[in-house]
Amino acid sequence: MISTSPQDPAGSGPHGLKLRTGVGVDAHKLVQSRPMVMAGLSFPNETVGPEGHSDGDVACHAVCDALLSAAGLGDVGQVFGTDDPAFAGASGVTLLRLVVVLVQQAGWQISNVAVQVIGNHPAMAPRRRDAEELLSGVVGAPVSVSATSTDGLGFSGRGEGVMAVASALLMSW
């Protein structure tokens, strides 16, 4: 059983194991003038891409938010503000690498991550394994990638945007 006393807000399990979970969500409008990058992969045949200060990779951004949340380090907007020109056009993979370092510096080890892309673009199924391999390599732990549509509902279902939801499990001793 995991303790969550005020003296041990992270919760300690057997042998002092601490576990923390985090959730991250990101969404971007799709526009004609941007390349499509998702889960660190380029989709050159797509005619739309996510608008944003960086590359708009909602999968990577959601994973960043999940990891930062689990580690108690805030969110991607706080860490890489949209007013910082250093991150203009930055790849989601670059931001994710920086977040992994912050999480490790805070004393946490990443156990696993799951991310789901929600929208009509891009078609993730044919490249799911590539995305999992790339993101797992960046994070240093297993990353599961899935995708779904919303059957025409909402901005993502109408093809106006794309979003992602991620969860992360961290551990420390």
# chains A, B, ... in the order shown; residues from 1 in each chain; ligands from 1
>>> select_by_dssp(residues="range 30-160 of chain A", states="alpha helix (DSSP H)", output="PyMOL selection string")
chain A and resi 58-71+76-79+92-105+128-139+154-157
>>> closest_atom_pairs(of="range 24-131 of chain A", to="range 144-152 of chain A", cutoff="9 Å", atoms="only C-alpha atoms", output="JSON lines")
{"residue": "A:Ala39", "atom": "CA", "partner": "A:Val145", "partner_atom": "CA", "distance": 8.3}
{"residue": "A:Ala59", "atom": "CA", "partner": "A:Val145", "partner_atom": "CA", "distance": 8.8}
{"residue": "A:Asn112", "atom": "CA", "partner": "A:Ser144", "partner_atom": "CA", "distance": 8.1}
{"residue": "A:Val113", "atom": "CA", "partner": "A:Ser144", "partner_atom": "CA", "distance": 6.4}
{"residue": "A:Ala114", "atom": "CA", "partner": "A:Ser144", "partner_atom": "CA", "distance": 4.6}
{"residue": "A:Val115", "atom": "CA", "partner": "A:Val145", "partner_atom": "CA", "distance": 5.1}
{"residue": "A:Gln116", "atom": "CA", "partner": "A:Ser146", "partner_atom": "CA", "distance": 4.6}
{"residue": "A:Val117", "atom": "CA", "partner": "A:Ala147", "partner_atom": "CA", "distance": 4.5}
{"residue": "A:Ile118", "atom": "CA", "partner": "A:Thr148", "partner_atom": "CA", "distance": 5.1}
{"residue": "A:Gly119", "atom": "CA", "partner": "A:Ser149", "partner_atom": "CA", "distance": 4.8}
{"residue": "A:Asn120", "atom": "CA", "partner": "A:Ser149", "partner_atom": "CA", "distance": 5.8}
{"residue": "A:His121", "atom": "CA", "partner": "A:Ser149", "partner_atom": "CA", "distance": 8.9}
{"residue": "A:Ala123", "atom": "CA", "partner": "A:Ala147", "partner_atom": "CA", "distance": 8.3}
{"residue": "A:Met124", "atom": "CA", "partner": "A:Ala147", "partner_atom": "CA", "distance": 6.3}
{"residue": "A:Ala125", "atom": "CA", "partner": "A:Ala147", "partner_atom": "CA", "distance": 7.2}
{"residue": "A:Arg128", "atom": "CA", "partner": "A:Val145", "partner_atom": "CA", "distance": 6.2}
{"residue": "A:Arg129", "atom": "CA", "partner": "A:Val145", "partner_atom": "CA", "distance": 7.9}
{"residue": "A:Ala131", "atom": "CA", "partner": "A:Val145", "partner_atom": "CA", "distance": 6.9}
>>> residues_around(residues="Ser69 in chain A", least_positions_apart="6", cutoff="10 Å", atoms="only C-alpha atoms", output="list in words")
Arg20, Thr21, Gly22, Val23, Gly24, Val63, Asp75, Val76, Val103, Ser167 and Ala168 of chain A
>>> write_last_selection(atoms="N, CA and C atoms", output="PDB file, in the first residue's frame")
ATOM      1  N   ARG A  20       4.831   8.568  -9.063  1.00  0.00           N
ATOM      2  CA  ARG A  20       4.048   9.767  -9.376  1.00  0.00           C
ATOM      3  C   ARG A  20       3.512   9.634 -10.793  1.00  0.00           C
ATOM      4  N   THR A  21       2.282  10.038 -11.000  1.00  0.00           N
ATOM      5  CA  THR A  21       1.706  10.052 -12.338  1.00  0.00           C
ATOM      6  C   THR A  21       1.435  11.490 -12.761  1.00  0.00           C
ATOM      7  N   GLY A  22       1.413  11.700 -14.057  1.00  0.00           N
ATOM      8  CA  GLY A  22       1.099  13.011 -14.603  1.00  0.00           C
ATOM      9  C   GLY A  22       0.308  12.863 -15.878  1.00  0.00           C
ATOM     10  N   VAL A  23      -0.465  13.889 -16.193  1.00  0.00           N
ATOM     11  CA  VAL A  23      -1.276  13.919 -17.405  1.00  0.00           C
ATOM     12  C   VAL A  23      -0.925  15.188 -18.166  1.00  0.00           C
ATOM     13  N   GLY A  24      -0.867  15.075 -19.483  1.00  0.00           N
ATOM     14  CA  GLY A  24      -0.604  16.232 -20.329  1.00  0.00           C
ATOM     15  C   GLY A  24      -1.552  16.248 -21.511  1.00  0.00           C
ATOM     16  N   VAL A  63       3.380  14.830 -24.021  1.00  0.00           N
ATOM     17  CA  VAL A  63       4.309  14.012 -23.232  1.00  0.00           C
ATOM     18  C   VAL A  63       5.133  14.904 -22.308  1.00  0.00           C
ATOM     19  N   ASP A  75       4.374  23.123 -16.270  1.00  0.00           N
ATOM     20  CA  ASP A  75       3.921  22.677 -17.588  1.00  0.00           C
ATOM     21  C   ASP A  75       4.823  23.264 -18.670  1.00  0.00           C
ATOM     22  N   VAL A  76       4.608  22.812 -19.889  1.00  0.00           N
ATOM     23  CA  VAL A  76       5.480  23.186 -20.997  1.00  0.00           C
ATOM     24  C   VAL A  76       5.451  24.698 -21.259  1.00  0.00           C
ATOM     25  N   VAL A 103      13.407  16.353 -15.463  1.00  0.00           N
ATOM     26  CA  VAL A 103      12.775  15.316 -14.646  1.00  0.00           C
ATOM     27  C   VAL A 103      13.852  14.513 -13.902  1.00  0.00           C
ATOM     28  N   SER A 167      -0.041  10.351 -20.605  1.00  0.00           N
ATOM     29  CA  SER A 167       0.129  10.059 -19.192  1.00  0.00           C
ATOM     30  C   SER A 167       1.552   9.529 -18.989  1.00  0.00           C
ATOM     31  N   ALA A 168       2.084   9.796 -17.809  1.00  0.00           N
ATOM     32  CA  ALA A 168       3.450   9.376 -17.509  1.00  0.00           C
ATOM     33  C   ALA A 168       3.502   8.822 -16.096  1.00  0.00           C
TER      34      ALA A 168
END
>>> closest_residue(among="A:Phe43, A:Trp108, A:Trp173, A:Phe87", to="Leu17 in chain A", atoms="only C-alpha atoms")
A:Trp173
>>> atom_distance(atom1="CA of Ala66 in chain A", atom2="CA of Ala27 in chain A")
14.0 Å
>>> residues_around(residues="Glu133 in chain A", least_positions_apart="5", cutoff="9 Å", atoms="only C-alpha atoms", output="ChimeraX atom specification")
/A:128,138,142-143
>>> write_last_selection(atoms="C-alpha atoms", output="mmCIF file, in the first residue's frame")
data_model
loop_
_atom_site.group_PDB
_atom_site.id
_atom_site.type_symbol
_atom_site.label_atom_id
_atom_site.label_comp_id
_atom_site.auth_asym_id
_atom_site.auth_seq_id
_atom_site.Cartn_x
_atom_site.Cartn_y
_atom_site.Cartn_z
ATOM 1 C CA ARG A 128 2.957 4.015 -34.884
ATOM 2 C CA VAL A 138 14.308 10.081 -26.349
ATOM 3 C CA PRO A 142 8.745 2.611 -23.079
ATOM 4 C CA VAL A 143 6.393 5.005 -24.850
#
>>> residues_around(residues="Leu30 in chain A", least_positions_apart="3", cutoff="7 Å", atoms="only C-alpha atoms", output="PyMOL selection string")
chain A and resi 48-51+160-162
>>> residues_around(residues="Val99 in chain A", least_positions_apart="4", cutoff="9 Å", atoms="only C-alpha atoms", output="list in words")
Cys64, Asp65, Leu67, Leu68, Val76, Val79, Thr94, Leu95, Val103 and Gln104 of chain A
>>> select_by_dssp(residues="chain A", states="strand (DSSP E or B)", output="count of residues only")
50
>>> closest_residue(among="A:Asn45, A:Met171, A:Gln78, A:Ala141", to="Gln109 in chain A", atoms="only C-alpha atoms")
A:Met171
